[in-house]
Amino acid sequence: MKLHVRCIGVLVMSSIFISCKNEVKQQVQGHASVLQALIAQEDTDGDKKITIEDKGPKQFEFVDANGKSHKIEGTYHLSNLLQELAIAKKGQEIAIDKIKEKPSDRISRLIKNRFWDNLTRSIDKEGLTRVLSDTKSNNDTLRLYIPHDDAEAAAYFRSLETEIQKLKVEMLPKEITPEYVRTLNNKSGILNLAHTTTNGIYKGTPFVVPGGRFNEMYGWDSYFESVGLLLDGRADLAKAMADNFGYQIKYYGKILNANRSYYLTRTQPPFFSSLLKEIYLDDPEISKPWLSKNLKMVIQEYQTVWMKKGIRLTDTGLNRFYGEGIGVPPETEEGHFDFILSKHAKEHNLSLAEFTKKYISRELKDKALDLYFTHDRAMRESGHDTSNRLDDLCIDLNTVGLNSLLYKYELDIAFLIKEVFDNSFDYNGALLSSNYWLERAQKRKDVINELMWDDTAGTYYDYNFETKKQQKIASATNYYPLWVGLCSDDQASRMVQNLFSSLVEKGGVAGTANIVDPNNPNAPQRQWDYPNGWAPHQMLIWRGLVAQGYQKEAQELAYRWLWMITKNAVNYNGTIPEKYDVVKCTHKVYAEYGNVGTEFDYITPSGFGWMNASYQLGLTFLNKNLRDQLDQLVDPNDIFKESE
């Protein structure tokens with residue numbers, strides 16, 4: 001059944017009759033008029049959404065062009081009508097079946113057919129304005145930084161400067177130091193990414209951004225987004241992400257936290273080998289030269305970023321995060337560090353404002369505060385910005401998560417060399433076999449189990465190599481060994497029990513246990529800590545459980561997470577945000593930066609990158625019965641208590 005509204009501009013060829021608040025039928029012309037009437041009646045709080053918090057009658061009636069009467073009732077169906085009216089184009093018919101669509105079908109369809117495209121960017125003439133014009137840019141100057149050795153990109157973008165008046169092309173020096181990056185704090189901009197030139201036409205290699213104010217390519221976000229892209233048949237974009245990873249390693253020396261100037265000294269959790277392997281498994285006939293080119297970049301990153309002694313490689317033989325830089329990280333919002341700056345200002349007998357100004361200008365130096373910000377940058381490099389688990393000690397930790405990922409690098413490289421390159425891979429003139437990488441993996445596994453496994457607790461913990469003690473904090477990252485295959489069957493069994501007793505909440509897995517410091521009651525709540533849950537943790541833990549033979553447990557956790565997402569989308573006009581409170585099962589999370597993806601009019605244009613991917617992946621874990629229960633929003637505690 002179609003709602004026949006054929007528009008010419010804002011006029012209609014067929015009239016629609018609707019029933020408004022006073023239940024007096026009136027004729028309304030066009031999509032826009034219907035939309036206005038619907039908003040006037042149902043959007044009682046004026047936020048251009050229809051949610052459970054609105055106090056309207058929650059029913060809306062119209063007669064279509066064929067004379068058939070339709071009554072739309074309830075928050076979910078009314079918000080769907082609102083969304084379909086908002087996105088209707090000229091001459092487009094609005095399908096009644098989309099208004100009555102099952103929630104999981106609707107969310108998944110929008111992710112696949114709408115959200116991914118809306119999150120896709122490219123750095124070229126066609127995409128430049130969208131990439132550079134965002135909330136983090138200076139509206140008067142749109143800066144684009146080009147690597148020192150990318151002459152082709154430099155020539156192309158300089159040719160655009162006269163055409164795009166606000167564009168300012170900046171060339172980076174050959175050597176990028178923390179001191180140099182600090183000079184860019186007041187003139188930040190986007191860093192160029194990969195491109196192709198065919199028949200003289202320069203084309204930026206596309207990439208997917210997280211969404212909202214995150215309008216650049218982020219490191220580990222890109223991997224998780226690619227998991228969703230591969231499921232949705234968008235291998236083209238997943239491959240493009242890999243090419244952009246390779247470009248960053250070649251020209252910036254690392255996969256960047258994100259392609260902005262102030263991230264030049266900071267990387268992110270390593271997932272390039274996982275991305276490359278999954279692209280290959282998705283299409284084993286993929287070009288060997290393409291795989292070879294990118295595998296070389298994976299190995300280069302491993303050797304030059306992670307295995308550099310004294311930076312990210314420690315004396316234990318294991319690795320740490322180490323974000324280099326000077327002073328306050330410039331991407332943080334004003335007031336974010338007042339908690340720590342106030343303490344140091346007091347020690348220097350200065351006001352907060354005066355101390356902050358002098359410290360940022362380097363007129364005043366404070367070694368203890370410099371060390372704090374080194375820890376802070378490392379924490380941000382870990383992707384967990386921010387967490388009390390890592391605050392003020394991150395560079396002292398061999399973390400379970402990072403070392404699990406590097407163990408997987410070693411296994412993935414071995415796999416690709418053996419499966420794709422007949423167990424002999426030419427890397428800069430040296431022939432590498434899978435055995436070399438398997439030996440490295442075994443060595444890492446032995447050290448991880450020696451230093452990080454707690455046999456009493458039955459779980460892994462981060463290892464503080466300065467104190468030579470484990471940090472006994474329950475964290476979702478402690479369960480990465482399930483995914484990468486570090487643990488024995490006995491360890492896996494005990495870890496699964498530990499996981500469910502320590503971190504599983506109604507809406508899924510919390511980032512950490514409750515680790516608020518009772519000695520610092522005024523300390524800020526950290527967004528990566530309890531009670532919040534994040535998509536990458538869920539996805540890796542689901543896959544880890546399945547890898548270890550715990551399909552039932554994976555299915556339960558996937559259902560809990562999807563139920564929370566679906567329930568919030570149904571009640572809040574399709575909202576798909578960055579993160580959730582998994583205890584209260586709500587997107588209303590206010591720690592630190594709020595919640596990206598919650599601000600929009602009528603219909604969310606793109607959801608949020610890795611949240612979209614987690615939804616698509618989570619659906620693959622549910623059988624038909626659970627999928628039906630998901631659409632009925634059956635409380636997970638009513639389902640899984642029966643199977644306990």
# chains A, B, ... in the order shown; residues from 1 in each chain; ligands from 1

$ residues_around --residues "range 372-380 of chain A" --least-positions-apart "5" --cutoff "10 Å" --atoms "only C-alpha atoms" --output "JSON, numbers by chain"
{"A": [257, 263, 265, 266, 267, 268, 269, 312, 320, 321, 322, 323, 324, 325, 326, 327, 328, 329, 337, 340, 366, 367, 385, 386, 387, 388, 389, 390, 391, 392, 393, 394, 395, 396]}

$ select_by_dssp --residues "range 385-498 of chain A" --states "alpha helix (DSSP H)" --output "VMD selection string"
chain A and resid 400 to 420 434 to 451 480 to 484 489 to 498

$ residues_around --residues "Val484 in chain A" --least-positions-apart "6" --cutoff "12 Å" --atoms "only C-alpha atoms" --output "list in words"
Phe271, Ser273, Ser274, Val400, Gly401, Leu402, Asn403, Ser404, Leu405, Leu406, Tyr407, Lys408, Tyr409, Glu410, Leu411, Asp412, Ala441, Lys445, Thr477, Asn478, Ala492, Leu540, Ile541, Arg543, Gly544, Leu545, Val546, Ala547 and Gln548 of chain A

$ write_last_selection --atoms "C-alpha atoms" --output "PDB file, in the first residue's frame"
ATOM      1  CA  PHE A 271      43.334  -3.531  13.520  1.00  0.00           C
ATOM      2  CA  SER A 273      45.732  -7.026   9.866  1.00  0.00           C
ATOM      3  CA  SER A 274      42.198  -7.949  10.911  1.00  0.00           C
ATOM      4  CA  VAL A 400      45.713  -6.969  27.626  1.00  0.00           C
ATOM      5  CA  GLY A 401      43.838  -5.390  24.727  1.00  0.00           C
ATOM      6  CA  LEU A 402      46.837  -4.005  22.860  1.00  0.00           C
ATOM      7  CA  ASN A 403      48.976  -7.107  23.249  1.00  0.00           C
ATOM      8  CA  SER A 404      46.098  -9.335  22.195  1.00  0.00           C
ATOM      9  CA  LEU A 405      45.731  -7.284  19.010  1.00  0.00           C
ATOM     10  CA  LEU A 406      49.456  -7.501  18.257  1.00  0.00           C
ATOM     11  CA  TYR A 407      49.325 -11.255  18.863  1.00  0.00           C
ATOM     12  CA  LYS A 408      46.580 -11.332  16.239  1.00  0.00           C
ATOM     13  CA  TYR A 409      48.772  -9.247  13.890  1.00  0.00           C
ATOM     14  CA  GLU A 410      51.430 -11.931  14.120  1.00  0.00           C
ATOM     15  CA  LEU A 411      48.898 -14.711  13.451  1.00  0.00           C
ATOM     16  CA  ASP A 412      47.160 -12.785  10.645  1.00  0.00           C
ATOM     17  CA  ALA A 441      53.166 -14.979  18.313  1.00  0.00           C
ATOM     18  CA  LYS A 445      51.545 -15.544  24.142  1.00  0.00           C
ATOM     19  CA  THR A 477      39.423  -5.266  26.932  1.00  0.00           C
ATOM     20  CA  ASN A 478      40.540  -8.081  29.260  1.00  0.00           C
ATOM     21  CA  ALA A 492      38.231 -19.530  28.201  1.00  0.00           C
ATOM     22  CA  LEU A 540      34.898  -8.428  19.781  1.00  0.00           C
ATOM     23  CA  ILE A 541      33.424 -10.242  22.764  1.00  0.00           C
ATOM     24  CA  ARG A 543      33.101 -13.024  18.124  1.00  0.00           C
ATOM     25  CA  GLY A 544      35.426 -14.207  20.871  1.00  0.00           C
ATOM     26  CA  LEU A 545      32.693 -16.226  22.542  1.00  0.00           C
ATOM     27  CA  VAL A 546      31.813 -17.907  19.258  1.00  0.00           C
ATOM     28  CA  ALA A 547      35.480 -18.583  18.507  1.00  0.00           C
ATOM     29  CA  GLN A 548      35.745 -20.425  21.835  1.00  0.00           C
TER      30      GLN A 548
END

$ residues_around --residues "range 511-515 of chain A" --least-positions-apart "6" --cutoff "8 Å" --atoms "only C-alpha atoms" --output "list of chain:residue names"
A:Asn388, A:Arg389, A:Ile473, A:Ala474, A:Ser475, A:Ala476, A:Thr477, A:Ser502, A:Leu503, A:Trp528, A:Asp529, A:Tyr530, A:Pro531, A:Asn532, A:Gly533, A:Trp534, A:His537

$ residues_around --residues "Met297 in chain A" --least-positions-apart "4" --cutoff "12 Å" --atoms "only C-alpha atoms" --output "number ranges by chain"
A: 242-251, 253-255, 272-273, 276, 290-293, 301-305, 413, 427-428

$ residues_around --residues "Arg560 in chain A" --least-positions-apart "4" --cutoff "9 Å" --atoms "only C-alpha atoms" --output "ChimeraX atom specification"
/A:505-509,555-556,564-565,635-637

$ closest_residue --among "A:Val634, A:Ile201, A:Ile87, A:Val131" --to "Glu152 in chain A" --atoms "only C-alpha atoms"
A:Ile201
